[in-house]
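Asks: Dropping the structure in here first, questions after.
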Amino acid sequence: VPKKLVTTVSGCADDAVAGLVACNPGLRLLQGHRVVLRGDLLAIRGRVALLSGGGSGHEPAHAGYVGKGMLTGVVAGAVFASPSVGSVLAAIRAVAQAGAAGILLIVKNYTGDRLNFGMALERARAEGTDVRMVVVGDDCAFATPGKAGRRGICGTVLIHKVAGALAEAGASLDEIEKKVIAAAKVMGTLGLSLSPCSIPGSKPSFQLAEDEMELGLGIHGEAGVRRMKVLPADKAVETMLKHMTDPSNASHLSLTPGSSVVLVVNNLGGLSCLELGIVAGAAVRCLENRGIRIARALVGSFMTALEMAGVSLTLMLVDEELVRLIDAKTTAMAWPNIVAGPATTQREEVPGPTEAPRKLQEETGTGPGTARVQRVLQRVCSTLLDMQDKLNELDRGAGDGDCGHTHARAAQAIQEWMRSRPPPAAPAQLLSALADVLLEQMGGSSGVLYGLFLTAAAQSLRGHSGFPAWADAMDAGIEAMQRSVLGAVESQFPLGLPIPSEFPCILHRYGGAAPGDRTMLDSLFAATQTLHSLRNPGADLLQVLAAAVQSAEAAAEATRHMEAGAGRASYIRSSRLEQPDPGAVAVAAVLGAVLE
């Protein structure tokens, strides 16, 4: 396990945010949440507020971009894990109560971020808040982007800047949203790495040979599109720009001679400043050779992947208005305070001096008894805690290796909840309460998916009892997990909130997984099909549940041979997914613990 300079592994995200706020007078923490807000929050009254965020480990993104002229606030998750719905909703409420004239959520295109920010958006809308969401997907790595779409990476920072300048100038929510979406469509990013990264307390997410580099990897250590021998910096930059602009690549950025761009040369965390400068110079030369004008060049650490030794290049096609927005003043500490002007390798040199003389010089109801509920939940929690390392190991093959940490967080949250109050005995009440705990504290994609399942199952159980009701509840939960929210045929959110079809955000799905996509849903769906037997007269609960556990375990094992269709694993070639899906394994283990 690589060494990290942290106080504690579990508290590193909180400590990093606290340190940033302590050193920046213009920032404040939101009490009870890992949320950073502008210190002059009342100054946004009558203006549009901008919120963003995501997992920690990408510093200075996103808290470094909070300030006048950029973001109003940021919600930070644990390392490489999406923030919880509860924290996102708290941030929305805070800026709404400060008098914001509408709120725009700027979200990177990762399943967990879409789920958590999306769920918070729906809850805030139900409270009457005017809040919208734009999902940024700027990754140019994949020639044929899959179901999950293009990943959101460093280009998101340029979107923060454009939106922030518009908001500071008093633009309306409609205008900001329209211009941000347009800007996101003319932007592309590609990464290149010499080394992996590792979340504190865990092993590296992948390995590279001493003479290898990887093209197109993600900011959580997800695999890229090609491994190749280490190239000189200029050849590596040429390879990156060629891939980014290749018309045969469906996610390419169209560049023609005479185009004007903003260039971002981003340190992924562990590259030396010396190397970064070499890459920046090579990028400017390569673009100039293509007849491209570099209106502005930003070089530094903008969105990192912990200690990954690598670089990403971002290009945004710009006109005079976009350049003015990029140049607009901001107090955000991570935005570079540089002289505005184009980048070029043709600068006139200062003439050499003449020689002088040499001298030295950071509901109550019926149901199982409370004691039985506590025993079952304790068994589930102890099972998940015991499996933490195993789930992390399985997850390393699919990306960041935090599945065990995420489920352990859920187990600890449930244990703390049971210590604070007796769990409800009534099934509907119990499942609803568990959903709230997981939505508030689990984080990641799993937290929202479990929350969706339990919320829908609880609603199905209200006013119903008996074995068939449980089969119906399982069906309701599965349906909620699969249901598309925006940009799909359904017009009802799982919680019953109508979604206007004309919603002007980028079309997307918050979850969107289906059986066969190599996710936790595979195990849950298999178990649910078996639990349909509870509808048969005289069904034996333990026998049916035992069969359901066997079905779930078999389905989890079957994911070993599936090609991922959703989540982070969908970015990885099936030949490199040699283990069963960790989410599916976790679901089977939970059901097994319930049976025990």
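Residue numbering restarts at 1 in every chain; chains get A, B, ... in the order shown in the structure tokens, and ligands count up from 1 in that same order.
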I'd like the contact shell of Thr345 in chain A - 8 Å cut-off, only C-alpha atoms, skipping same-chain residues fewer than 3 positions apart - returned as a list in words.
Replies: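 Listed by chain and then number, they are Gly281, Val284 and Arg285 of chain A.
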Asks: Show me, as a PyMOL selection string, the residues that have an atom within 9 Å of range 397-407 of chain A when counting only C-alpha atoms, minus same-chain residues fewer than 5 positions from it.
Replies: chain A and resi 79-81+197-199+202-206+218+220-223+381+384-385+387-392+412+442-444+446-447+568-572+576-579+581-583+586
Asks: Which residues come within 10 Å of Gly341 in chain A, counting only C-alpha atoms, excluding same-chain residues fewer than 5 positions away, as a ChimeraX atom specification?
Replies: /A:294-297,323,327
Asks: Can those selected residues be exported to a file as a PDB file, in the first residue's frame so that it contains N, CA and C atoms?
Replies:
```
ATOM      1  N   ILE A 294      -3.861  29.723 -30.310  1.00  0.00           N
ATOM      2  CA  ILE A 294      -4.104  29.438 -28.887  1.00  0.00           C
ATOM      3  C   ILE A 294      -4.410  30.766 -28.214  1.00  0.00           C
ATOM      4  N   ALA A 295      -5.711  31.078 -28.079  1.00  0.00           N
ATOM      5  CA  ALA A 295      -6.123  32.370 -27.519  1.00  0.00           C
ATOM      6  C   ALA A 295      -5.664  32.518 -26.074  1.00  0.00           C
ATOM      7  N   ARG A 296      -5.725  31.436 -25.325  1.00  0.00           N
ATOM      8  CA  ARG A 296      -5.267  31.435 -23.942  1.00  0.00           C
ATOM      9  C   ARG A 296      -4.704  30.039 -23.630  1.00  0.00           C
ATOM     10  N   ALA A 297      -3.687  29.977 -22.784  1.00  0.00           N
ATOM     11  CA  ALA A 297      -3.142  28.693 -22.318  1.00  0.00           C
ATOM     12  C   ALA A 297      -3.058  28.727 -20.801  1.00  0.00           C
ATOM     13  N   VAL A 323     -13.748  34.040 -24.746  1.00  0.00           N
ATOM     14  CA  VAL A 323     -12.454  34.500 -24.256  1.00  0.00           C
ATOM     15  C   VAL A 323     -12.647  35.547 -23.159  1.00  0.00           C
ATOM     16  N   ASP A 327     -11.403  35.316 -19.306  1.00  0.00           N
ATOM     17  CA  ASP A 327     -10.540  36.372 -18.750  1.00  0.00           C
ATOM     18  C   ASP A 327     -11.149  37.092 -17.552  1.00  0.00           C
TER      19      ASP A 327
END
```
Asks: From a DSSP calculation on the backbone, collect every residue of range 56-139 of chain A in strand (DSSP E) and output the set as an MDAnalysis selection string.
Replies: chainID A and resid 56 73:79 103:108 131:136
Asks: Check which residues of range 380-440 of chain A sit at most 10 Å from range 86-90 of chain A using only C-alpha atoms, and return one row each with the closest pair of atoms and their distance in Å to one decimal, ordered by chain and rising number, as JSON lines.
Replies:
```
{"residue": "A:Asp436", "atom": "CA", "partner": "A:Gly86", "partner_atom": "CA", "distance": 9.0}
{"residue": "A:Val437", "atom": "CA", "partner": "A:Gly86", "partner_atom": "CA", "distance": 9.6}
{"residue": "A:Leu438", "atom": "CA", "partner": "A:Gly86", "partner_atom": "CA", "distance": 9.8}
{"residue": "A:Leu439", "atom": "CA", "partner": "A:Gly86", "partner_atom": "CA", "distance": 6.8}
{"residue": "A:Glu440", "atom": "CA", "partner": "A:Gly86", "partner_atom": "CA", "distance": 4.7}
```
Asks: Within 7 Å of Ser259 in chain A, counting only C-alpha atoms, which residues show up once you throw out same-chain ones fewer than 2 positions away? Write them as a list of chain:residue names, please.
Replies: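 These residues fall inside the cut-off: A:Leu255, A:Thr256, A:Pro257, A:Val261, A:Ile292, A:Arg293.
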Asks: Skip Arg462 in chain A itself and residues of its chain fewer than 4 positions away, then list as a list in words all residues within 9 Å of it, counting only C-alpha atoms.
Replies: Pro427, Ala428, Gln429, Ala457 and Ala458 of chain A
Asks: Using DSSP on the backbone coordinates, identify the residues of range 154-373 of chain A assigned to helix (DSSP H, G or I); present them as a ChimeraX atom specification.
Replies: /A:155-168,173-184,233-244,273-289,320-327,370-373
Asks: Quick one: residues within 10 Å of Leu452 in chain A, only C-alpha atoms counted, chain neighbours fewer than 6 positions away excluded, as an MDAnalysis selection string?
Replies: chainID A and resid 119 432 435:436 438:439 446 458 476:483 494:495
Asks: For the residues selected in the previous step, produce a file with C-alpha atoms as a tab-separated table (two decimals), in the first residue's frame.
Replies:
```tsv
chain	number	residue	atom	x	y	z
A	119	MET	CA	-31.74	12.92	-6.61
A	432	SER	CA	-37.94	3.70	4.36
A	435	ALA	CA	-33.23	4.22	2.58
A	436	ASP	CA	-32.81	7.57	4.32
A	438	LEU	CA	-28.05	5.11	2.95
A	439	LEU	CA	-29.02	8.13	0.84
A	446	SER	CA	-24.43	2.17	-4.61
A	458	ALA	CA	-41.22	0.58	1.24
A	476	ALA	CA	-41.06	-2.28	-7.24
A	477	GLY	CA	-37.50	-1.81	-6.06
A	478	ILE	CA	-36.02	-3.33	-9.21
A	479	GLU	CA	-38.25	-1.15	-11.38
A	480	ALA	CA	-37.16	2.00	-9.53
A	481	MET	CA	-33.48	1.17	-9.98
A	482	GLN	CA	-33.86	0.72	-13.73
A	483	ARG	CA	-36.19	3.64	-14.39
A	494	PRO	CA	-39.63	7.04	-8.63
A	495	LEU	CA	-40.77	9.26	-5.77
```
Asks: Tell me, as a PyMOL selection string, which residues lie within 10 Å of Gln529 in chain A, counting only C-alpha atoms; anything in the same chain fewer than 5 positions away does not count.
Replies: chain A and resi 471+474-475+524+548+551-552
Asks: Taking into account only C-alpha atoms, which residue in the set A:Ile176, A:Ala18, A:Ile153, A:Ala236 is nearest to Leu190 in chain A?
Replies: A:Ile153
Asks: Between A:Ala556, A:Ala309, A:Ala148, A:Ala141, which has the minimum distance to Cys273 in chain A (counting only C-alpha atoms)?
Replies: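 Closest candidate: A:Ala309.
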Asks: CA of Glu288 in chain A to CA of His252 in chain A: how many Å, to one decimal?
Replies: 18.9 Å
Asks: Smallest atom-to-atom distance to Arg45 in chain A: which of A:Ala78, A:Ala589, A:Ile219, A:Ala94, using only C-alpha atoms?
Replies: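 Using only C-alpha atoms, the shortest distance to Arg45 in chain A belongs to A:Ala94.
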